[in-house]
Number of protein chains: 4
Amino acid sequence: MTSRQNAGEPLSQFIHGLPPELGGLSFVDSAPDFALAEQADLFFLAVPHGTAAPYAVVLREAGKMVVDLSADFRTTDPTVYREFYGQDHPAPSLLSEVVYGLPEIHRERLKSARLIAAPGCFPTSIILPLAPFLRQPSPIKPYSIVATSLSGVSGAGRKLETRLLFGEITDNMYAYGVPKHRHLGEIEQELSLAAGQNVTITFVPHLVPMHRGMLTTITAEFDRVLASFPITDADVFNMLQEAYGQEPFVEVLPPGQMPEVRHVVNSNRIQIAARVDDRKNRLMLFSSLDNLGKGNASQAIQAANLASGLDEKLGLE
Amino acid sequence: MTSRQNAGEPLSQFIHGLPPELGGLSFVDSAPDFALAEQADLFFLAVPHGTAAPYAVVLREAGKMVVDLSADFRTTDPTVYREFYGQDHPAPSLLSEVVYGLPEIHRERLKSARLIAAPGCFPTSIILPLAPFLRQPSPIKPYSIVATSLSGVSGAGRKLETRLLFGEITDNMYAYGVPKHRHLGEIEQELSLAAGQNVTITFVPHLVPMHRGMLTTITAEFDRVLASFPITDADVFNMLQEAYGQEPFVEVLPPGQMPEVRHVVNSNRIQIAARVDDRKNRLMLFSSLDNLGKGNASQAIQAANLASGLDEKLGLE
Amino acid sequence: MTSRQNAGEPLSQFIHGLPPELGGLSFVDSAPDFALAEQADLFFLAVPHGTAAPYAVVLREAGKMVVDLSADFRTTDPTVYREFYGQDHPAPSLLSEVVYGLPEIHRERLKSARLIAAPGCFPTSIILPLAPFLRQPSPIKPYSIVATSLSGVSGAGRKLETRLLFGEITDNMYAYGVPKHRHLGEIEQELSLAAGQNVTITFVPHLVPMHRGMLTTITAEFDRVLASFPITDADVFNMLQEAYGQEPFVEVLPPGQMPEVRHVVNSNRIQIAARVDDRKNRLMLFSSLDNLGKGNASQAIQAANLASGLDEKLGLE
Amino acid sequence: MTSRQNAGEPLSQFIHGLPPELGGLSFVDSAPDFALAEQADLFFLAVPHGTAAPYAVVLREAGKMVVDLSADFRTTDPTVYREFYGQDHPAPSLLSEVVYGLPEIHRERLKSARLIAAPGCFPTSIILPLAPFLRQPSPIKPYSIVATSLSGVSGAGRKLETRLLFGEITDNMYAYGVPKHRHLGEIEQELSLAAGQNVTITFVPHLVPMHRGMLTTITAEFDRVLASFPITDADVFNMLQEAYGQEPFVEVLPPGQMPEVRHVVNSNRIQIAARVDDRKNRLMLFSSLDNLGKGNASQAIQAANLASGLDEKLGLE
């Protein structure tokens with residue numbers, strides 16, 4: 001565990017309730033000489049985008065496995081990176097070996113991955129519900145997709161910014177980042193991959209007054225021809241169940257139940273439900289997850305388990 | 001102020017900080033003989049739907065002005081009432097004189113109204129942003145409208161239900177009431193009125209962990225021909241500004257600002273902003289209000305002021 | 001797992017994320033014929049006081065081990081039960097075999113216990129910090145003790161009461177239950193036991209707007225003679241460390257650190273710190289725990305582990 | 001309204017819902033040449049301690065009335081300032097004309113005050129409940145006083161500090177600043193003044209997860225001789241009522257009611273209640289206020305009204 005600011009200090013001073021076998025560890029300096037590359041076989045990078053890539057370069061040169069929790073390797077097309085992050089990709093030579101760390105979508109490729117781009121909370125909460133409905137033959141019109149996400153504050157990290165003060169967030173909420181939030185690039189990349197065609201969507205993130213948790217609501221029009229043959233709540237439930245029924249961390253909810261944040265907080269699980277809006281001929285999708293669980297950190301462990309040949313549930317139940 | 005449970009007890013025992021001139025008032029029994037009709041000229045009904053209508057009948061027969069905060073008179077078509085509330089309308093003979101209590105939409109009719117149906121928070125937060133864009137010639141496709149609302153708990157009233165306990169709501173959120181929430185009837189009635197044609201929408205309400213406040217996000221496709229002539233953020237701001245620039249309780253936010261709940265809580269104001277999603281050819285609308293302010297109670301006072309020939313801002317600034 | 005209301009229904013419908021081996025379980029009827037006594041060797045009673053005792057009688061007659069999470073067996077003197085609960089003790093014949101379920105205080109007796117009274121959050125948060133300072137020779141004046149506790153809502157259980165609605169608690173707080181909260185009986189029983197003399201205290205519980213968590217602050221005057229020999233923060237830290245240094249679930253914080261709720265939530269741990277107020281010659285004690293963790297449910301498991309001859313940490317790390 | 005950072009920008013960009021007559025105002029630069037002294041007769045200083053005093057010097061030299069909301073003038077003894085703030089008093093020559101801005105205690109002196117030190121939330125919530133019980137002949141032992149305060153985050157101001165982030169405070173609480181919080185100096189100054197003798201107390205502030213609001217609980221032993229003549233809840237209520245019955249912003253609660261934060265938030269009121277702990281021979285006092293209301297900002301207006309010869313309730317009802 002690295003830290004520049006607290007190098008040399010014991011973890012136990014910052015993290016309470018550590019198991020005894022970790023109680024003696026101290027923070028290691030994350031100095032730029034990367035001497036730390038000698039100290040382990042697998043590295044998780046939990047630093048801002050732009051900062052992560054240089055670490056990844058050194059670590060990959062040293063032959064280490066890297067799981068990057070930043071956005072640096074999530075879009076494998078450098079022009080998309082430039083479009084959304086306003087700068088050239090910091091390590092384009094590594095892009096060809098990146099695997100996007102969504103186990104439910106890329107499990108086979110993750111098993112041999114050496115550089116994993118761990119998705120964040122918005123992409124996970126949108127891609128997993130939508131993917132089964134985009135695969136051909138798709139029952140929905142891709143261009144009609146509108147995704148609305150409500151995010152707890154932990155989605156923004158632990159930055160020292162005025163907008164993240166308690167007094168700014170409690171009893172408050174607002175939409176932001178429209179119409180082109182930074183994470184749209186990776187979301188649309190993965191949706192396009194699932195659909196086998198280019199998919200763009202409307203995406204509206206909202207900040208809500210809670211710490212950990214995300215709720216996403218997605219609507220899309222059913223393709224007209226299919227709608228003339230009625231589609232029921234049971235049908236769309238079955239499509240999800242077929243896609244995710246064997247997944248250890250996806251809970252597909254039957255008709256009548258809706259995802260809630262309290263059911264997934266502090267876990268690596270995502271809840272997904274589908275409903276039919278027959279008045280408007282639309283599919284409705286709902287998902288809930290923990291921003292710091294399936295929404296990023298614990299999902300990164302799930303991906304690392306796969307890449308390491310371990311039980312993918314190790315440490316996550 | 002009536003109460004069956006607390007009849008005879010002083011208001012000051014339940015409401016702290018009353019001004020001295022109200023400090024001596026006690027709760028009056030709201031017994032079914034309606035003797036209370038003798039005691040005032042203007043009555044606010046703050047009881048559940050189904051319960052309100054019988055009071056309204058007696059009070060209107062006695063020639064009193066009635067502002068009903070329940071849903072009993074919001075849909076003036078009794079078949080819509082039956083569709084959404086599952087029972088026959090309890091007072092169909094009164095429906096012809098109802099005025100829907102949105103001052104920005106029905107100000108002239110409110111000035112002579114005797115029976116006002118005060119809208120709730122969902123309709124106010126959806127109708128006001130959308131109405132200017134539905135009037136002919138409309139730049140959007142009405143059938144494409146998707147409205148997502150995030151509601152604080154006060155929107156549900158102060159009912160004794162398990163789902164409203166603190167432990168069920170804090171650190172939690174979920175969507176509910178899809179695809180056909182009860183308030184869709186009145187929402188679509190007013191949107192159709194604005195559009196001059198039948199409008200139905202997809203509506204997804206969410207419960208979020210706060211007490212007072214609502215945030216609504218609406219998307220709609222621009223009509224193709226219009227979109228070929230670019231529409232900018234400034235254009236849609238101007239359309240809102242033209243509609244509401246003179247309204248005392250509507251704050252149209254310029255491009256770059258987004259509605260927030262903390263800016264409207266404890267007030268009779270609604271914030272509205274419009275943005276263009278040019279990647280997807282969609283209009284985005286955002287609004288924030290206080291469920292107990294512009295979302296119901298104080299807006300009812302605004303309507304009553306109009307109907308009483310008073311300054312509509314009386315008691316609301 | 002029993003339930004009258006939901007008997008026969010699967011647990012997984014109410015509890016999300018159950019491990020697969022529990023996924024198939026259903027609620028068993030807790031009917032009064034107690035046929036359920038045949039179905040297990042160890043029973044946890046999580047029902048209101050007064051309701052628990054009759055179950056305990058039947059189960060103890062059947063030779064089963066019982067861990068009661070209610071208050072029915074926490075005070076072993078039936079006159080104290082009558083004083084605090086206003087009724088005769090419902091099962092006085094069982095009182096002689098009760099062991100109070102605080103492992104740090106009664107570990108040896110718990111190892112052979114058959115009827116365990118699991119303490120609640122207030123007693124645990126007060127008794128554990130104070131006990132080491134009450135043992136003879138005590139450095140404090142027992143009559144001077146003042147304990148102030150701040151409790152999250154889960155301390156009150158999941159009752160359907162108006163005062164527990166979200167709208168009543170968010171952004172609110174208040175003291176209650178003074179001067180004689182029901183839990184004072186068991187608190188003073190255990191403090192007297194530690195002191196070897198009768199101890200009564202002033203206790204002020206407060207409700208604060210959070211779900212899980214308790215913070216307790218205790219002050220007591222130092223005995224004058226001892227105070228003439230200075231006592232330092234290091235001294236009082238050492239007294240706690242000597243008492244609890246080997247305890248797996250007690251974290252004694254060194255001078256400069258203070259207990260926080262976020263450090264113990266979702267755990268079976270309690271944090272304790274001691275400070276000297278040398279301006280006022282007083283000892284200050286602070287503790288934090290999770291009402292549903294060390295404050296009741298998981299501590300009951302710790303006690304049951306001990307009584308069952310298992311590793312007391314089983315299932316709690 | 002001054003601001004260095006936002007000088008020249010309209011207030012309406014930062015403060016929503018301003019009445020029209022203020023809508024046109026812009027922030028004025030608070031540059032150190034104090035040219036602003038020409039622009040008004042009355043100045044409120046809402047800057048950190050140490051920063052306020054130099055402004056006060058210039059403004060008082062220019063003959064202006066000054067209400068300082070910082071701590072710079074709250075303790076009129078410069079040695080106490082040095083003790084609690086670790087530096088020499090920045091303007092000792094002004095101390096002789098300071099009036100402590102608690103209207104209920106210093107109303108007569110405030111009427112002719114030119115330099116007012118507006119108290120903060122901790123002192124107001126402690127001094128007002130205690131003062132009537134300290135005046136001679138006092139029924140309590142002053143050395144036995146223990147005050148515990150629970151503060152919402154707004155008590156700390158809107159500083160950009162990690163400990164004030166939403167993620168650090170929600171679902172969390174802790175005690176801090178013991179045994180010698182900075183505000184003890186002014187608290188003990190005013191308590192000593194009320195008692196006519198030197199009074200020191202034990203004071204434990206706590207941070208709780210809410211924005212606006214403070215709850216204070218105080219205990220003190222009754223003097224033994226008086227206690228031999230029983231004191232009842234009615235007696236201590238009457239003592240408060242006698243002291244504050246005519247005060248427009250003090251609500252003394254009768255036996256059976258306890259102060260709550262929701263009853264005073266967004267107001268200039270303080271609720272106070274007294275109870276007798278006859279098991280322990282102690283007086284219990286409780287108060288609630290809004291940190292930004294009676295706890296500082298609006299109370300400063302109340303004091304300024306008095307000093308300006310205006311109705312002291314102006315703008316506060």
# chains A, B, ... in the order shown; residues from 1 in each chain; ligands from 1
>>> closest_atom_pairs(of="chain C", to="chain A", cutoff="9 Å", atoms="only C-alpha atoms", output="JSON lines")
{"residue": "C:Ile15", "atom": "CA", "partner": "A:His263", "partner_atom": "CA", "distance": 7.8}
{"residue": "C:His16", "atom": "CA", "partner": "A:His263", "partner_atom": "CA", "distance": 5.7}
{"residue": "C:Gly17", "atom": "CA", "partner": "A:His263", "partner_atom": "CA", "distance": 7.4}
{"residue": "C:Pro19", "atom": "CA", "partner": "A:Glu317", "partner_atom": "CA", "distance": 7.8}
{"residue": "C:Asp171", "atom": "CA", "partner": "A:Asp171", "partner_atom": "CA", "distance": 8.9}
{"residue": "C:Phe249", "atom": "CA", "partner": "A:Gly17", "partner_atom": "CA", "distance": 8.6}
{"residue": "C:Glu251", "atom": "CA", "partner": "A:Gly17", "partner_atom": "CA", "distance": 8.1}
{"residue": "C:His263", "atom": "CA", "partner": "A:His16", "partner_atom": "CA", "distance": 5.7}
{"residue": "C:Val264", "atom": "CA", "partner": "A:Gly17", "partner_atom": "CA", "distance": 7.5}
{"residue": "C:Ser267", "atom": "CA", "partner": "A:Gly17", "partner_atom": "CA", "distance": 8.3}
{"residue": "C:Arg269", "atom": "CA", "partner": "A:Gly17", "partner_atom": "CA", "distance": 7.6}
{"residue": "C:Glu317", "atom": "CA", "partner": "A:Pro19", "partner_atom": "CA", "distance": 7.8}
>>> calpha_fit_and_write(fixed="chain B", moving="chain D", output="short mmCIF file (atom, residue, chain, number, x, y, z; two decimals) with C-alpha atoms, in the first residue's frame")
data_model
loop_
_atom_site.label_atom_id
_atom_site.label_comp_id
_atom_site.auth_asym_id
_atom_site.auth_seq_id
_atom_site.Cartn_x
_atom_site.Cartn_y
_atom_site.Cartn_z
CA MET D 1 -56.86 24.47 11.57
CA THR D 2 -58.66 21.20 12.05
CA SER D 3 -57.77 17.87 13.56
CA ARG D 4 -59.87 15.02 14.84
CA GLN D 5 -57.10 13.59 16.96
CA ASN D 6 -55.96 16.83 18.56
CA ALA D 7 -59.20 18.85 18.59
CA GLY D 8 -59.15 21.41 21.37
CA GLU D 9 -55.40 21.33 21.86
CA PRO D 10 -53.35 24.46 21.18
CA LEU D 11 -51.46 24.66 17.88
CA SER D 12 -48.41 25.87 19.77
CA GLN D 13 -47.96 22.44 21.28
CA PHE D 14 -47.29 20.99 17.82
CA ILE D 15 -45.91 23.93 15.89
CA HIS D 16 -43.02 25.76 17.53
CA GLY D 17 -42.20 29.39 16.84
CA LEU D 18 -45.72 30.50 15.93
CA PRO D 19 -46.10 34.27 15.79
CA PRO D 20 -47.90 35.58 18.91
CA GLU D 21 -51.11 36.40 17.04
CA LEU D 22 -51.52 32.69 16.18
CA GLY D 23 -50.23 31.39 19.49
CA GLY D 24 -53.68 31.27 21.02
CA LEU D 25 -55.36 29.16 18.32
CA SER D 26 -56.48 25.60 19.00
CA PHE D 27 -57.28 22.75 16.65
CA VAL D 28 -60.94 22.61 15.60
CA ASP D 29 -62.66 19.26 15.20
CA SER D 30 -63.12 18.33 11.55
CA ALA D 31 -66.27 16.36 12.39
CA PRO D 32 -68.48 15.27 9.51
CA ASP D 33 -71.32 17.67 10.28
CA PHE D 34 -69.21 20.37 8.68
CA ALA D 35 -70.29 22.98 11.13
CA LEU D 36 -66.89 24.38 10.42
CA ALA D 37 -68.20 25.66 7.09
CA GLU D 38 -69.59 28.58 9.05
CA GLN D 39 -66.24 29.60 10.36
CA ALA D 40 -64.34 30.82 7.31
CA ASP D 41 -64.60 31.90 3.68
CA LEU D 42 -61.67 29.96 2.28
CA PHE D 43 -60.81 26.34 3.04
CA PHE D 44 -57.67 24.37 2.28
CA LEU D 45 -58.26 20.61 2.21
CA ALA D 46 -55.15 18.68 3.18
CA VAL D 47 -56.58 15.18 3.48
CA PRO D 48 -56.12 12.01 1.38
CA HIS D 49 -57.79 11.66 -2.01
CA GLY D 50 -61.24 10.21 -1.63
CA THR D 51 -61.57 11.98 1.72
CA ALA D 52 -61.33 15.46 0.27
CA ALA D 53 -64.27 15.33 -2.15
CA PRO D 54 -67.09 15.03 0.43
CA TYR D 55 -65.73 18.06 2.26
CA ALA D 56 -65.56 19.96 -1.01
CA VAL D 57 -69.20 19.16 -1.80
CA VAL D 58 -70.46 20.54 1.51
CA LEU D 59 -68.20 23.58 1.41
CA ARG D 60 -69.07 24.46 -2.18
CA GLU D 61 -72.79 24.09 -1.38
CA ALA D 62 -72.20 26.59 1.40
CA GLY D 63 -70.62 28.92 -1.17
CA LYS D 64 -67.12 28.72 0.22
CA MET D 65 -63.91 28.90 -1.76
CA VAL D 66 -62.06 25.57 -1.67
CA VAL D 67 -58.42 24.78 -2.43
CA ASP D 68 -57.98 21.02 -2.45
CA LEU D 69 -54.44 19.74 -2.01
CA SER D 70 -55.44 16.12 -2.70
CA ALA D 71 -55.76 14.49 -6.11
CA ASP D 72 -59.56 14.46 -6.10
CA PHE D 73 -60.04 17.32 -8.52
CA ARG D 74 -56.82 17.35 -10.50
CA THR D 75 -58.09 15.26 -13.39
CA THR D 76 -61.30 16.72 -14.66
CA ASP D 77 -62.22 13.67 -16.72
CA PRO D 78 -63.90 11.11 -14.44
CA THR D 79 -62.80 8.22 -16.66
CA VAL D 80 -59.17 9.23 -16.08
CA TYR D 81 -59.86 9.34 -12.34
CA ARG D 82 -61.26 5.83 -12.50
CA GLU D 83 -58.30 4.66 -14.56
CA PHE D 84 -55.69 5.96 -12.11
CA TYR D 85 -57.48 5.70 -8.77
CA GLY D 86 -59.53 2.56 -9.36
CA GLN D 87 -62.85 3.98 -8.22
CA ASP D 88 -65.62 6.24 -9.46
CA HIS D 89 -65.04 9.93 -9.00
CA PRO D 90 -66.52 10.90 -5.62
CA ALA D 91 -67.99 14.23 -6.75
CA PRO D 92 -68.32 14.40 -10.55
CA SER D 93 -70.78 17.28 -10.40
CA LEU D 94 -68.04 19.61 -9.17
CA LEU D 95 -65.55 18.81 -11.93
CA SER D 96 -66.84 21.43 -14.33
CA GLU D 97 -65.86 24.31 -12.08
CA VAL D 98 -62.38 23.06 -11.13
CA VAL D 99 -59.32 25.13 -12.03
CA TYR D 100 -55.93 23.40 -11.93
CA GLY D 101 -53.84 25.45 -9.53
CA LEU D 102 -50.73 26.17 -11.58
CA PRO D 103 -50.60 29.99 -11.63
CA GLU D 104 -48.04 30.13 -14.45
CA ILE D 105 -50.41 28.18 -16.71
CA HIS D 106 -53.91 29.10 -15.50
CA ARG D 107 -53.50 32.53 -13.91
CA GLU D 108 -56.48 34.15 -15.62
CA ARG D 109 -58.89 31.32 -14.80
CA LEU D 110 -57.58 31.18 -11.23
CA LYS D 111 -58.60 34.79 -10.68
CA SER D 112 -62.25 33.77 -10.70
CA ALA D 113 -61.86 30.21 -9.42
CA ARG D 114 -63.97 28.87 -6.55
CA LEU D 115 -62.66 25.29 -6.54
CA ILE D 116 -58.93 24.90 -7.06
CA ALA D 117 -57.10 21.60 -7.48
CA ALA D 118 -53.61 22.26 -6.12
CA PRO D 119 -51.02 20.23 -8.05
CA GLY D 120 -48.47 18.05 -6.32
CA CYS D 121 -44.70 18.03 -6.70
CA PHE D 122 -44.31 15.64 -9.63
CA PRO D 123 -46.75 17.47 -11.93
CA THR D 124 -45.40 20.93 -11.08
CA SER D 125 -41.81 19.86 -11.69
CA ILE D 126 -42.67 18.29 -15.07
CA ILE D 127 -45.40 20.54 -16.51
CA LEU D 128 -43.69 23.89 -15.98
CA PRO D 129 -40.43 23.01 -17.78
CA LEU D 130 -42.20 21.24 -20.65
CA ALA D 131 -45.17 23.51 -21.38
CA PRO D 132 -43.24 26.19 -23.31
CA PHE D 133 -41.74 23.53 -25.56
CA LEU D 134 -45.07 21.86 -26.31
CA ARG D 135 -46.94 24.94 -27.51
CA GLN D 136 -47.30 25.03 -31.29
CA PRO D 137 -45.13 25.13 -33.24
CA SER D 138 -43.34 22.70 -30.90
CA PRO D 139 -39.65 21.95 -31.48
CA ILE D 140 -39.89 18.49 -29.89
CA LYS D 141 -41.58 15.17 -30.60
CA PRO D 142 -44.14 14.78 -27.81
CA TYR D 143 -44.14 10.97 -27.90
CA SER D 144 -40.39 10.93 -27.12
CA ILE D 145 -40.66 12.57 -23.70
CA VAL D 146 -39.06 10.72 -20.77
CA ALA D 147 -39.33 12.32 -17.31
CA THR D 148 -37.29 11.15 -14.33
CA SER D 149 -38.03 12.63 -10.92
CA LEU D 150 -36.10 12.31 -7.68
CA SER D 151 -38.28 12.96 -4.68
CA GLY D 152 -37.50 13.62 -1.04
CA VAL D 153 -39.63 11.74 1.45
CA SER D 154 -41.98 14.60 2.24
CA GLY D 155 -43.56 13.99 -1.16
CA ALA D 156 -45.22 10.95 0.39
CA GLY D 157 -46.69 12.85 3.30
CA ARG D 158 -46.30 11.96 6.98
CA LYS D 159 -47.82 8.50 6.82
CA LEU D 160 -47.02 5.76 9.30
CA GLU D 161 -45.65 3.21 6.84
CA THR D 162 -42.63 0.95 7.24
CA ARG D 163 -41.13 2.13 3.95
CA LEU D 164 -41.00 5.68 5.37
CA LEU D 165 -38.95 4.82 8.46
CA PHE D 166 -35.58 6.50 8.77
CA GLY D 167 -33.78 3.17 8.63
CA GLU D 168 -35.43 2.28 5.32
CA ILE D 169 -34.56 5.50 3.54
CA THR D 170 -31.24 6.80 4.78
CA ASP D 171 -28.39 5.64 2.54
CA ASN D 172 -30.97 4.11 0.21
CA MET D 173 -32.78 4.95 -3.03
CA TYR D 174 -34.95 3.19 -5.58
CA ALA D 175 -37.31 3.77 -8.48
CA TYR D 176 -40.98 2.91 -7.99
CA GLY D 177 -44.47 3.33 -9.41
CA VAL D 178 -43.56 2.35 -12.97
CA PRO D 179 -44.83 2.39 -15.60
CA LYS D 180 -48.04 4.13 -14.53
CA HIS D 181 -47.71 6.30 -11.44
CA ARG D 182 -50.99 7.81 -10.25
CA HIS D 183 -49.94 11.33 -11.05
CA LEU D 184 -49.47 10.56 -14.75
CA GLY D 185 -53.16 11.26 -15.33
CA GLU D 186 -52.95 14.92 -14.37
CA ILE D 187 -49.48 15.35 -15.88
CA GLU D 188 -50.63 14.14 -19.29
CA GLN D 189 -53.88 16.15 -19.04
CA GLU D 190 -51.91 19.38 -18.64
CA LEU D 191 -49.24 18.50 -21.21
CA SER D 192 -51.97 17.66 -23.73
CA LEU D 193 -53.64 20.96 -22.99
CA ALA D 194 -50.38 22.82 -23.63
CA ALA D 195 -49.69 20.88 -26.83
CA GLY D 196 -53.18 21.03 -28.20
CA GLN D 197 -52.97 17.33 -28.86
CA ASN D 198 -52.87 14.10 -26.88
CA VAL D 199 -49.52 13.67 -25.11
CA THR D 200 -48.39 10.62 -23.17
CA ILE D 201 -44.99 10.27 -21.54
CA THR D 202 -42.72 7.80 -19.79
CA PHE D 203 -42.35 8.79 -16.15
CA VAL D 204 -40.02 7.25 -13.56
CA PRO D 205 -40.24 8.52 -9.97
CA HIS D 206 -37.40 7.75 -7.53
CA LEU D 207 -37.19 8.06 -3.77
CA VAL D 208 -33.95 9.61 -2.52
CA PRO D 209 -32.64 10.03 1.04
CA MET D 210 -33.68 13.58 1.84
CA HIS D 211 -36.74 15.19 3.37
CA ARG D 212 -37.81 18.18 1.30
CA GLY D 213 -36.93 18.57 -2.33
CA MET D 214 -37.52 17.32 -5.83
CA LEU D 215 -35.31 17.24 -8.89
CA THR D 216 -36.72 16.41 -12.30
CA THR D 217 -34.82 15.62 -15.49
CA ILE D 218 -36.69 15.44 -18.79
CA THR D 219 -35.43 14.47 -22.25
CA ALA D 220 -37.21 14.72 -25.58
CA GLU D 221 -36.09 14.42 -29.16
CA PHE D 222 -36.05 17.54 -31.25
CA ASP D 223 -38.26 17.39 -34.29
CA ARG D 224 -35.99 16.47 -37.18
CA VAL D 225 -36.66 19.37 -39.48
CA LEU D 226 -36.02 21.91 -36.77
CA ALA D 227 -32.84 20.20 -35.76
CA SER D 228 -31.38 20.62 -39.19
CA PHE D 229 -31.39 24.29 -38.20
CA PRO D 230 -29.16 24.14 -35.13
CA ILE D 231 -30.73 24.87 -31.73
CA THR D 232 -28.39 26.13 -29.03
CA ASP D 233 -28.39 26.31 -25.27
CA ALA D 234 -29.10 30.03 -25.67
CA ASP D 235 -32.16 29.30 -27.81
CA VAL D 236 -33.77 26.99 -25.29
CA PHE D 237 -32.91 29.36 -22.46
CA ASN D 238 -34.65 32.13 -24.34
CA MET D 239 -37.77 30.03 -24.84
CA LEU D 240 -37.98 29.48 -21.08
CA GLN D 241 -37.17 33.08 -20.34
CA GLU D 242 -39.89 34.28 -22.68
CA ALA D 243 -42.41 32.03 -20.96
CA TYR D 244 -41.40 32.71 -17.37
CA GLY D 245 -39.24 35.84 -17.30
CA GLN D 246 -41.96 37.80 -15.52
CA GLU D 247 -43.00 35.04 -13.13
CA PRO D 248 -42.26 35.88 -9.49
CA PHE D 249 -41.60 32.26 -8.46
CA VAL D 250 -39.90 30.76 -11.52
CA GLU D 251 -36.14 31.14 -11.79
CA VAL D 252 -34.92 30.32 -15.28
CA LEU D 253 -31.21 29.50 -15.06
CA PRO D 254 -28.84 30.65 -17.80
CA PRO D 255 -26.63 28.17 -19.69
CA GLY D 256 -23.99 26.85 -17.34
CA GLN D 257 -26.16 26.76 -14.23
CA MET D 258 -28.19 23.76 -13.12
CA PRO D 259 -31.13 23.58 -10.69
CA GLU D 260 -30.25 22.49 -7.16
CA VAL D 261 -32.58 21.58 -4.37
CA ARG D 262 -30.81 23.71 -1.76
CA HIS D 263 -31.57 26.84 -3.79
CA VAL D 264 -35.33 26.36 -3.57
CA VAL D 265 -35.93 24.54 -0.28
CA ASN D 266 -38.26 26.36 2.13
CA SER D 267 -39.46 28.58 -0.71
CA ASN D 268 -42.26 28.83 -3.27
CA ARG D 269 -39.74 28.93 -6.12
CA ILE D 270 -38.95 26.50 -8.92
CA GLN D 271 -35.65 26.55 -10.78
CA ILE D 272 -35.69 25.51 -14.43
CA ALA D 273 -32.86 25.04 -16.92
CA ALA D 274 -32.73 23.75 -20.48
CA ARG D 275 -29.78 22.25 -22.35
CA VAL D 276 -29.25 20.83 -25.83
CA ASP D 277 -27.76 17.34 -26.23
CA ASP D 278 -26.44 17.87 -29.74
CA ARG D 279 -24.84 14.44 -29.88
CA LYS D 280 -28.29 12.90 -29.60
CA ASN D 281 -30.51 15.66 -30.98
CA ARG D 282 -32.36 15.91 -27.70
CA LEU D 283 -33.68 18.66 -25.47
CA MET D 284 -32.79 18.27 -21.79
CA LEU D 285 -34.87 20.00 -19.11
CA PHE D 286 -34.12 20.23 -15.41
CA SER D 287 -36.16 21.57 -12.52
CA SER D 288 -35.88 21.75 -8.74
CA LEU D 289 -38.48 22.63 -6.14
CA ASP D 290 -39.50 21.97 -2.54
CA ASN D 291 -42.18 19.25 -2.34
CA LEU D 292 -43.85 21.20 0.46
CA GLY D 293 -43.30 24.57 -1.22
CA LYS D 294 -43.90 25.16 -4.91
CA GLY D 295 -44.57 21.42 -5.01
CA ASN D 296 -47.81 21.69 -3.08
CA ALA D 297 -48.51 23.76 0.03
CA SER D 298 -47.18 27.20 -0.77
CA GLN D 299 -48.27 26.97 -4.39
CA ALA D 300 -51.79 26.35 -3.06
CA ILE D 301 -51.49 29.65 -1.22
CA GLN D 302 -50.30 31.37 -4.39
CA ALA D 303 -53.39 30.08 -6.20
CA ALA D 304 -55.67 31.06 -3.31
CA ASN D 305 -54.20 34.56 -3.32
CA LEU D 306 -55.09 34.90 -6.99
CA ALA D 307 -58.62 33.60 -6.48
CA SER D 308 -59.07 35.98 -3.54
CA GLY D 309 -58.00 39.06 -5.44
CA LEU D 310 -54.89 39.45 -3.29
CA ASP D 311 -51.29 39.99 -4.34
CA GLU D 312 -50.31 36.49 -5.41
CA LYS D 313 -46.99 36.79 -3.54
CA LEU D 314 -48.70 37.46 -0.20
CA GLY D 315 -47.08 35.42 2.56
CA LEU D 316 -44.74 33.70 0.14
CA GLU D 317 -41.64 35.89 0.13
#
>>> select_by_dssp(residues="stretch 30-254 of chain C", states="helix (DSSP H, G or I)", output="JSON, numbers by chain")
{"C": [35, 36, 37, 38, 39, 52, 53, 54, 55, 56, 57, 58, 59, 60, 61, 78, 79, 80, 81, 82, 83, 84, 85, 92, 93, 94, 95, 96, 97, 103, 104, 105, 106, 107, 108, 109, 110, 121, 122, 123, 124, 125, 126, 127, 128, 129, 130, 131, 132, 133, 134, 142, 143, 144, 153, 154, 155, 156, 162, 163, 164, 166, 167, 168, 169, 184, 185, 186, 187, 188, 189, 190, 191, 192, 193, 194, 195, 224, 225, 226, 227, 228, 233, 234, 235, 236, 237, 238, 239, 240, 241, 242, 243, 244]}
